[in-house]
$ cat final-v4.cif   # mmCIF, C-alpha atoms
data_data
#
loop_
_atom_site.label_atom_id
_atom_site.label_comp_id
_atom_site.auth_asym_id
_atom_site.auth_seq_id
_atom_site.Cartn_x
_atom_site.Cartn_y
_atom_site.Cartn_z
CA MET A 20 0.00 0.00 0.00
CA ALA A 21 1.33 3.46 -0.88
CA MET A 22 2.41 5.63 2.03
CA THR A 23 0.78 8.98 2.64
CA PRO A 24 3.14 11.98 2.78
CA GLU A 25 2.49 12.16 6.52
CA ASP A 26 3.40 8.50 7.06
CA ARG A 27 6.53 9.00 5.01
CA MET A 28 7.51 12.00 7.13
CA THR A 29 6.88 9.99 10.31
CA GLU A 30 9.03 7.13 9.09
CA LEU A 31 11.85 9.46 8.00
CA SER A 32 11.77 11.35 11.32
CA GLN A 33 12.03 8.12 13.30
CA ARG A 34 14.99 6.94 11.23
CA PHE A 35 16.70 10.29 11.68
CA SER A 36 16.26 10.20 15.48
CA LEU A 37 17.74 6.70 15.74
CA LEU A 38 20.90 7.66 13.85
CA GLU A 39 22.25 10.04 16.50
CA PRO A 40 24.22 7.53 18.62
CA GLU A 41 25.65 5.85 15.54
CA LEU A 42 27.43 8.93 14.21
CA LYS A 43 30.71 10.15 15.66
CA ASP A 44 31.14 13.89 16.26
CA SER A 45 32.29 15.49 13.02
CA PRO A 46 31.55 18.52 10.86
CA GLU A 47 29.37 16.26 8.69
CA LYS A 48 27.27 15.23 11.71
CA GLN A 49 26.97 18.88 12.69
CA ALA A 50 25.88 19.82 9.15
CA LEU A 51 23.18 17.14 9.13
CA SER A 52 21.93 18.28 12.51
CA ILE A 53 21.77 21.91 11.33
CA LEU A 54 19.88 20.88 8.19
CA HIS A 55 17.38 18.97 10.32
CA ALA A 56 16.86 22.00 12.54
CA MET A 57 16.35 24.23 9.47
CA ILE A 58 13.75 21.86 8.02
CA GLN A 59 11.95 21.79 11.37
CA GLU A 60 11.75 25.59 11.43
CA VAL A 61 10.43 25.77 7.84
CA ARG A 62 7.82 23.15 8.67
CA ARG A 63 6.82 25.03 11.79
CA ASP A 64 6.40 28.26 9.80
CA LEU A 65 4.23 26.47 7.24
CA LEU A 66 2.03 24.93 9.92
CA ASN A 67 1.63 28.25 11.70
CA SER A 68 0.90 30.23 8.54
CA SER A 69 -1.76 27.72 7.48
CA ALA A 70 -3.47 28.40 10.82
CA GLY A 71 -4.27 31.94 9.61
CA THR A 72 -2.56 35.31 9.32
CA PRO A 73 -3.10 37.62 12.28
CA GLN A 74 -4.38 41.16 11.75
CA ASP A 75 -1.92 44.07 11.96
CA HIS A 76 -3.01 45.24 15.41
CA SER A 77 -2.73 41.76 16.87
CA ARG A 78 0.73 41.49 15.31
CA SER A 79 1.89 44.61 17.17
CA PHE A 80 0.38 43.28 20.36
CA GLU A 81 2.15 39.98 19.83
CA LYS A 82 5.41 41.82 19.21
CA VAL A 83 5.16 43.55 22.59
CA ALA A 84 4.12 40.35 24.32
CA ASN A 85 7.12 38.56 22.87
CA LEU A 86 9.68 41.28 23.57
CA TYR A 87 11.01 39.20 26.45
CA LYS A 88 12.21 36.55 24.01
CA SER A 89 14.80 38.87 22.50
CA ALA A 90 15.49 40.92 25.64
CA PRO A 91 18.98 40.81 27.17
CA GLY A 92 19.43 37.76 29.34
CA MET A 93 19.55 37.93 33.11
CA GLU A 94 22.03 35.72 34.90
CA GLY A 95 23.89 35.69 38.18
CA LEU A 96 24.26 33.82 41.44
CA ALA A 97 21.93 34.48 44.36
CA GLU A 98 23.23 37.09 46.81
CA ASN A 99 20.79 36.37 49.63
CA SER A 100 19.32 33.32 51.28
CA GLY A 101 15.98 34.76 52.41
CA LEU A 102 14.06 34.37 55.65
CA PRO A 103 14.05 30.97 57.34
CA VAL A 104 11.07 28.65 57.54
CA GLY A 105 9.15 28.96 60.80
CA THR A 106 9.40 32.75 61.14
CA GLN A 107 6.42 35.07 61.18
CA ALA A 108 6.04 36.61 57.72
CA PRO A 109 6.68 40.37 57.99
CA ASP A 110 3.51 42.28 57.28
CA PHE A 111 3.39 44.84 54.47
CA THR A 112 1.04 46.87 52.34
CA LEU A 113 1.80 47.51 48.67
CA GLN A 114 -0.28 48.73 45.75
CA ASP A 115 -1.40 46.43 42.96
CA ALA A 116 -1.59 47.49 39.30
CA ASN A 117 -4.92 49.24 39.94
CA ALA A 118 -3.51 51.21 42.89
CA ASN A 119 -5.47 49.09 45.36
CA PRO A 120 -3.57 48.54 48.59
CA VAL A 121 -2.92 44.87 49.36
CA THR A 122 -2.01 44.00 52.96
CA LEU A 123 -0.54 40.58 53.67
CA SER A 124 -2.22 40.19 57.08
CA ASN A 125 -5.63 40.68 55.43
CA LEU A 126 -5.05 37.37 53.66
CA ARG A 127 -4.92 35.33 56.89
CA GLY A 128 -6.96 32.17 56.57
CA LYS A 129 -5.53 31.41 53.12
CA ASN A 130 -2.15 30.05 52.12
CA VAL A 131 -0.19 32.73 50.30
CA VAL A 132 2.40 31.97 47.64
CA LEU A 133 4.53 35.09 47.67
CA VAL A 134 6.58 35.31 44.49
CA PHE A 135 9.48 37.76 44.38
CA TYR A 136 10.77 38.14 40.84
CA PRO A 137 13.43 40.48 39.42
CA LEU A 138 11.59 42.58 36.84
CA ASP A 139 8.58 42.75 34.54
CA TRP A 140 9.37 42.14 30.85
CA SER A 141 12.55 40.19 31.56
CA PRO A 142 13.08 36.76 30.00
CA ALA A 143 12.62 34.15 32.75
CA CYS A 144 10.10 36.22 34.77
CA SER A 145 7.69 36.29 31.85
CA ASP A 146 7.56 32.52 31.64
CA GLN A 147 7.45 32.03 35.42
CA LEU A 148 4.37 34.16 35.98
CA SER A 149 2.60 32.71 32.94
CA LEU A 150 3.25 29.28 34.41
CA TYR A 151 1.58 30.31 37.69
CA GLN A 152 -1.30 31.90 35.79
CA SER A 153 -1.96 28.58 34.05
CA GLU A 154 -1.91 26.85 37.45
CA LEU A 155 -4.40 29.12 39.24
CA PRO A 156 -7.06 26.36 39.47
CA GLU A 157 -4.46 24.09 41.12
CA PHE A 158 -3.43 26.83 43.58
CA ASP A 159 -7.10 27.35 44.33
CA LYS A 160 -7.47 23.62 45.06
CA GLN A 161 -4.62 24.01 47.54
CA ASP A 162 -6.45 26.95 49.16
CA ALA A 163 -3.63 29.25 48.08
CA VAL A 164 -3.49 32.69 46.52
CA VAL A 165 -0.56 33.81 44.39
CA ILE A 166 0.94 37.27 44.72
CA GLY A 167 3.81 38.62 42.65
CA VAL A 168 6.16 41.32 43.94
CA SER A 169 8.83 43.24 42.07
CA VAL A 170 10.37 46.71 42.20
CA ASP A 171 8.52 47.79 39.04
CA SER A 172 5.96 50.58 39.13
CA LEU A 173 2.24 49.83 39.16
CA TYR A 174 1.99 51.14 35.59
CA SER A 175 4.56 48.66 34.36
CA HIS A 176 2.73 45.89 36.23
CA GLY A 177 -0.54 46.93 34.56
CA ALA A 178 0.86 46.82 31.04
CA TRP A 179 2.74 43.62 31.63
CA ALA A 180 -0.22 41.84 33.19
CA ALA A 181 -2.37 42.92 30.24
CA VAL A 182 -0.10 41.51 27.54
CA ARG A 183 0.53 38.30 29.44
CA ASP A 184 -3.04 37.80 30.67
CA ILE A 185 -1.96 37.71 34.30
CA THR A 186 -4.91 38.06 36.64
CA PHE A 187 -3.36 37.58 40.09
CA PRO A 188 -2.07 40.68 41.89
CA LEU A 189 1.33 42.09 41.00
CA LEU A 190 2.50 44.42 43.74
CA ALA A 191 4.74 47.42 43.20
CA ASP A 192 7.69 47.45 45.61
CA PHE A 193 8.61 50.72 43.97
CA HIS A 194 8.76 53.40 46.65
CA PRO A 195 10.62 53.21 48.91
CA HIS A 196 12.49 51.20 46.35
CA GLY A 197 12.59 47.49 47.30
CA GLU A 198 11.54 48.02 50.91
CA VAL A 199 9.50 44.81 51.09
CA SER A 200 12.15 42.84 49.21
CA ARG A 201 14.64 43.96 51.88
CA LEU A 202 12.19 43.00 54.62
CA TYR A 203 12.13 39.49 53.19
CA GLN A 204 15.94 39.52 52.76
CA VAL A 205 15.85 39.02 49.00
CA MET A 206 17.03 42.40 47.68
CA ARG A 207 20.08 42.19 45.42
CA LYS A 208 22.51 44.97 46.28
CA SER A 209 24.36 44.68 42.99
CA ASN A 210 21.30 45.07 40.73
CA GLY A 211 18.63 47.03 42.58
CA PHE A 212 16.04 44.32 42.09
CA SER A 213 15.07 41.24 44.04
CA GLU A 214 16.17 37.65 43.90
CA ARG A 215 13.85 35.17 42.33
CA ALA A 216 12.37 33.84 45.55
CA LEU A 217 9.29 32.02 46.75
CA TYR A 218 7.65 31.91 50.14
CA ILE A 219 4.65 29.91 51.20
CA ILE A 220 2.95 31.65 54.10
CA ASP A 221 0.37 29.54 55.88
CA ARG A 222 -3.07 30.52 57.13
CA GLN A 223 -1.59 31.79 60.41
CA GLY A 224 1.00 33.98 58.70
CA ILE A 225 4.01 31.69 59.30
CA ILE A 226 6.59 31.07 56.58
CA ARG A 227 6.36 27.34 55.79
CA TYR A 228 8.51 27.22 52.65
CA SER A 229 11.32 29.45 51.53
CA HIS A 230 13.23 29.13 48.28
CA VAL A 231 15.74 31.52 46.71
CA SER A 232 16.82 30.42 43.23
CA PRO A 233 20.56 29.71 43.27
CA MET A 234 20.81 31.24 39.78
CA ILE A 235 18.57 34.19 39.09
CA HIS A 236 17.28 32.78 35.79
CA HIS A 237 16.33 29.47 37.43
CA ILE A 238 12.63 29.00 38.09
CA PRO A 239 11.67 27.00 41.22
CA ASP A 240 10.39 23.49 40.48
CA ILE A 241 6.61 23.67 40.40
CA TYR A 242 6.25 20.02 41.37
CA GLU A 243 8.18 20.78 44.57
CA LEU A 244 6.00 23.83 45.21
CA PHE A 245 2.82 21.74 44.93
CA GLU A 246 4.28 19.06 47.21
CA GLN A 247 4.97 21.73 49.83
CA LEU A 248 1.44 23.10 49.57
CA GLU A 249 -0.01 19.61 49.87
CA SER A 250 2.03 18.90 53.01
CA ILE A 251 0.92 22.19 54.58
CA ASN A 252 -2.71 21.30 53.88
CA LYS A 253 -2.42 17.84 55.45
CA PRO A 254 -4.28 17.71 58.77
CA MET B 9 0.47 11.72 34.86
CA ASN B 10 4.06 12.79 34.78
CA ASN B 11 6.52 9.94 34.53
CA ASP B 12 9.95 11.00 35.66
CA SER B 13 12.21 8.60 33.84
CA GLU B 14 15.55 10.32 33.52
CA GLY B 15 18.27 8.22 32.04
CA ILE B 16 16.19 5.07 31.77
CA LEU B 17 14.67 5.19 28.33
CA PRO B 18 16.79 5.28 25.20
CA ALA B 19 16.15 8.61 23.48
CA GLY B 20 15.15 7.22 20.09
CA ASP B 21 12.95 4.40 21.28
CA SER B 22 11.03 5.38 24.37
CA GLU B 23 7.96 3.51 25.58
CA ASN B 24 6.12 6.77 25.95
CA LYS B 25 4.92 8.43 22.79
CA VAL B 26 5.53 11.78 24.43
CA VAL B 27 8.91 12.68 25.87
CA VAL B 28 9.79 16.11 27.26
CA TYR B 29 13.49 17.00 27.13
CA GLY B 30 14.30 19.92 29.38
CA THR B 31 15.52 21.10 32.77
CA ARG B 32 13.87 21.29 36.16
CA TRP B 33 14.55 25.03 36.44
CA CYS B 34 13.11 26.09 33.08
CA ALA B 35 9.63 27.61 33.26
CA ALA B 36 8.75 26.64 29.70
CA THR B 37 9.69 23.01 30.39
CA GLN B 38 7.57 23.03 33.54
CA TYR B 39 4.72 24.61 31.58
CA VAL B 40 4.81 21.83 28.98
CA ARG B 41 4.98 19.06 31.60
CA ARG B 42 2.05 20.49 33.48
CA TYR B 43 0.11 21.08 30.24
CA LEU B 44 0.46 17.36 29.47
CA ASP B 45 -0.47 16.46 33.09
CA ARG B 46 -3.66 18.47 32.81
CA LYS B 47 -4.56 16.75 29.55
CA ASP B 48 -3.82 13.34 31.10
CA VAL B 49 -1.27 12.61 28.39
CA SER B 50 1.18 9.99 29.56
CA HIS B 51 4.71 11.27 29.11
CA SER B 52 8.22 10.96 30.41
CA PHE B 53 10.74 13.63 31.32
CA ARG B 54 14.43 13.61 30.41
CA ASP B 55 16.55 16.06 32.40
CA ILE B 56 19.20 17.30 29.98
CA ASP B 57 21.28 18.69 32.86
CA ARG B 58 21.82 15.17 34.19
CA ASP B 59 21.25 12.90 31.22
CA GLN B 60 24.03 13.21 28.63
CA GLU B 61 22.34 10.88 26.17
CA ALA B 62 19.22 13.03 26.21
CA ALA B 63 21.30 16.19 25.78
CA ASP B 64 23.10 14.67 22.78
CA GLN B 65 19.77 13.73 21.23
CA VAL B 66 18.46 17.29 21.63
CA ARG B 67 21.60 18.71 20.04
CA TRP B 68 21.19 16.28 17.15
CA TRP B 69 17.65 17.48 16.51
CA THR B 70 18.33 21.17 16.87
CA GLY B 71 21.51 21.83 14.95
CA GLY B 72 23.70 21.79 18.03
CA PHE B 73 21.62 23.89 20.42
CA LEU B 74 20.57 22.62 23.81
CA SER B 75 17.06 24.00 23.28
CA HIS B 76 14.62 23.35 26.09
CA PRO B 77 12.03 22.20 26.15
CA THR B 78 12.28 19.98 23.11
CA VAL B 79 9.27 17.71 22.95
CA LYS B 80 8.99 14.47 21.02
CA ILE B 81 5.40 13.57 20.21
CA GLY B 82 5.27 10.41 18.15
CA SER B 83 7.87 11.18 15.53
CA ASP B 84 7.29 14.94 15.67
CA ILE B 85 10.08 16.96 17.22
CA LEU B 86 8.92 20.28 18.64
CA VAL B 87 11.58 22.76 19.66
CA GLU B 88 10.48 25.24 22.32
CA PRO B 89 6.87 24.77 21.20
CA LEU B 90 3.86 26.94 21.90
CA SER B 91 0.88 25.21 23.48
CA ASN B 92 -1.11 25.29 20.22
CA GLU B 93 1.74 23.48 18.47
CA ILE B 94 1.74 20.80 21.18
CA GLN B 95 -2.01 20.46 20.89
CA LEU B 96 -1.77 20.06 17.11
CA ALA B 97 0.89 17.36 17.43
CA LEU B 98 -1.12 15.52 20.12
CA GLU B 99 -4.17 15.53 17.86
CA LYS B 100 -2.15 14.38 14.86
CA ASN B 101 -0.79 11.47 16.87
CA ASN B 102 -4.24 10.60 18.29
CA LEU B 103 -3.10 11.25 21.84
CA VAL B 104 -6.02 13.47 22.88
#

$ encode --input "final-v4.cif" --output "structure tokens"
Amino acid sequence: MAMTPEDRMTELSQRFSLLEPELKDSPEKQALSILHAMIQEVRRDLLNSSAGTPQDHSRSFEKVANLYKSAPGMEGLAENSGLPVGTQAPDFTLQDANANPVTLSNLRGKNVVLVFYPLDWSPACSDQLSLYQSELPEFDKQDAVVIGVSVDSLYSHGAWAAVRDITFPLLADFHPHGEVSRLYQVMRKSNGFSERALYIIDRQGIIRYSHVSPMIHHIPDIYELFEQLESINKP
Amino acid sequence: MNNDSEGILPAGDSENKVVVYGTRWCAATQYVRRYLDRKDVSHSFRDIDRDQEAADQVRWWTGGFLSHPTVKIGSDILVEPLSNEIQLALEKNNLV
């Protein structure tokens, strides 16, 4: 029976994948690998273009939303280790993107996942908060609310939340600059922004989980975060 | 659900039709793994920080880059895919 073009492509792709361990490192192997990657990209373009061409205004919007992909990278070792587990979470009030004051102690009775991140619009932060946005139903199941904090202004938070469809509060630790980040011992002296750090604060306001990313572009493991929430919720 | 099978399955011949190659600290990798969890798509995870064979396979597919996540769905290789591209590949391979 004749193969369909799709079956042929499947068969060829499988054969290509299996060849990797059989070829020794060489310029020829490298060239084949590059050609494969180029074909993949062309195929991807074709598949995406057949899905429809976006209108001009949505293209501009997409451009802004995707700025983070070409933005300068952010790397560096952690400079702080954060507050220890078991301590009372310092209370604070900061404004969200709509200028509403949010006070931590008003959230007693719920678990709070407090997410310190370096800056809006930066590469890894964009993906981290989108990840949490997609997990809001799971956080809700764990009786937890998510709150983001960075030193950006509320206007930056507003624009950034709009392009990334983020609905949980982003708080502006803007003035005095980084005051709450310092309170939680996650302010980076060398950069003027915070570490990438996570705290889980339980219903009584006690820090039950504390994690400062060892490398600033490293996102905490979400499976570990959920495990921690589950253990806090166990009777 | 997520099947953490680092270093066990040979890269070209895994039992799972869906294999996510990535790192534990990459948000996009975590996003893809959780996306598959939510869709109840059985998959395995290969940590390219700790699994040299998996890292070599990714470099082979991507022209030498250690792109993560790289997702193998059936015979489709998706490099740093968007969720609609994953969905399309899952449908094509009758996995949803």

$ resolve_selection --input "final-v4.cif" --expression "the PyMOL selection byres ((chain A) within 6 of (chain B))" --output "list in words"
Thr29, Ser32, Gln33, Ser36, Leu37, Ser52, Ile53, Ala56, Asp146, Gln147, Leu150, His237, Ile238, Pro239 and Asp240 of chain A

$ resolve_selection --input "final-v4.cif" --expression "the PyMOL selection byres ((chain A and resi 140) around 9)" --output "MDAnalysis selection string"
chainID A and resid 84 86:87 90 138:139 141:145 175 179

$ closest_residue --input "final-v4.cif" --among "B:Arg54, B:Lys47, B:Lys25, B:His76" --to "Asn101 (chain B)" --atoms "all atoms listed in the file"
B:Lys25

$ atom_distance --input "final-v4.cif" --atom1 "CA of Glu94 (chain A)" --atom2 "CA of Pro233 (chain A)"
10.4 Å

$ closest_residue --input "final-v4.cif" --among "A:Glu154, A:Asp115, A:Glu98, A:Asp64" --to "Ser213 (chain A)" --atoms "all atoms listed in the file"
A:Glu98

$ resolve_selection --input "final-v4.cif" --expression "the PyMOL selection byres ((chain A and resi 212) around 9)" --output "PyMOL selection string"
chain A and resi 136-138+169-171+196-197+200+205-211+213-214

$ atom_distance --input "final-v4.cif" --atom1 "CA of Met93 (chain A)" --atom2 "CA of Ile94 (chain B)"
27.4 Å

$ atom_distance --input "final-v4.cif" --atom1 "CA of Ile225 (chain A)" --atom2 "CA of Glu246 (chain A)"
17.5 Å

$ residues_around --input "final-v4.cif" --residues "Leu103 (chain B)" --least-positions-apart "4" --cutoff "7 Å" --atoms "only C-alpha atoms" --output "ChimeraX atom specification"
/B:49,98-99

$ residues_around --input "final-v4.cif" --residues "Lys253 (chain A)" --least-positions-apart "5" --cutoff "12 Å" --atoms "only C-alpha atoms" --output "MDAnalysis selection string"
chainID A and resid 161:162 246:248

$ residues_around --input "final-v4.cif" --residues "Ala178 (chain A)" --least-positions-apart "2" --cutoff "12 Å" --atoms "all atoms listed in the file" --output "ChimeraX atom specification"
/A:80,83-84,116-117,139-140,171-176,180-186,189

$ write_last_selection --input "final-v4.cif" --atoms "C-alpha atoms" --output "mmCIF file, keeping the file's coordinate frame"
data_model
loop_
_atom_site.group_PDB
_atom_site.id
_atom_site.type_symbol
_atom_site.label_atom_id
_atom_site.label_comp_id
_atom_site.auth_asym_id
_atom_site.auth_seq_id
_atom_site.Cartn_x
_atom_site.Cartn_y
_atom_site.Cartn_z
ATOM 1 C CA PHE A 80 0.380 43.280 20.360
ATOM 2 C CA VAL A 83 5.160 43.550 22.590
ATOM 3 C CA ALA A 84 4.120 40.350 24.320
ATOM 4 C CA ALA A 116 -1.590 47.490 39.300
ATOM 5 C CA ASN A 117 -4.920 49.240 39.940
ATOM 6 C CA ASP A 139 8.580 42.750 34.540
ATOM 7 C CA TRP A 140 9.370 42.140 30.850
ATOM 8 C CA ASP A 171 8.520 47.790 39.040
ATOM 9 C CA SER A 172 5.960 50.580 39.130
ATOM 10 C CA LEU A 173 2.240 49.830 39.160
ATOM 11 C CA TYR A 174 1.990 51.140 35.590
ATOM 12 C CA SER A 175 4.560 48.660 34.360
ATOM 13 C CA HIS A 176 2.730 45.890 36.230
ATOM 14 C CA ALA A 180 -0.220 41.840 33.190
ATOM 15 C CA ALA A 181 -2.370 42.920 30.240
ATOM 16 C CA VAL A 182 -0.100 41.510 27.540
ATOM 17 C CA ARG A 183 0.530 38.300 29.440
ATOM 18 C CA ASP A 184 -3.040 37.800 30.670
ATOM 19 C CA ILE A 185 -1.960 37.710 34.300
ATOM 20 C CA THR A 186 -4.910 38.060 36.640
ATOM 21 C CA LEU A 189 1.330 42.090 41.000
#

$ closest_residue --input "final-v4.cif" --among "B:Asn102, B:Val26, B:Arg58, B:Ser50" --to "Ile81 (chain B)" --atoms "only C-alpha atoms"
B:Val26

$ decode --input "final-v4.cif" --residues "region 137-169 of chain A" --atoms "C-alpha atoms" --output "short mmCIF file (atom, residue, chain, number, x, y, z; two decimals), in the first residue's frame"
data_model
loop_
_atom_site.label_atom_id
_atom_site.label_comp_id
_atom_site.auth_asym_id
_atom_site.auth_seq_id
_atom_site.Cartn_x
_atom_site.Cartn_y
_atom_site.Cartn_z
CA PRO A 137 13.43 40.48 39.42
CA LEU A 138 11.59 42.58 36.84
CA ASP A 139 8.58 42.75 34.54
CA TRP A 140 9.37 42.14 30.85
CA SER A 141 12.55 40.19 31.56
CA PRO A 142 13.08 36.76 30.00
CA ALA A 143 12.62 34.15 32.75
CA CYS A 144 10.10 36.22 34.77
CA SER A 145 7.69 36.29 31.85
CA ASP A 146 7.56 32.52 31.64
CA GLN A 147 7.45 32.03 35.42
CA LEU A 148 4.37 34.16 35.98
CA SER A 149 2.60 32.71 32.94
CA LEU A 150 3.25 29.28 34.41
CA TYR A 151 1.58 30.31 37.69
CA GLN A 152 -1.30 31.90 35.79
CA SER A 153 -1.96 28.58 34.05
CA GLU A 154 -1.91 26.85 37.45
CA LEU A 155 -4.40 29.12 39.24
CA PRO A 156 -7.06 26.36 39.47
CA GLU A 157 -4.46 24.09 41.12
CA PHE A 158 -3.43 26.83 43.58
CA ASP A 159 -7.10 27.35 44.33
CA LYS A 160 -7.47 23.62 45.06
CA GLN A 161 -4.62 24.01 47.54
CA ASP A 162 -6.45 26.95 49.16
CA ALA A 163 -3.63 29.25 48.08
CA VAL A 164 -3.49 32.69 46.52
CA VAL A 165 -0.56 33.81 44.39
CA ILE A 166 0.94 37.27 44.72
CA GLY A 167 3.81 38.62 42.65
CA VAL A 168 6.16 41.32 43.94
CA SER A 169 8.83 43.24 42.07
#
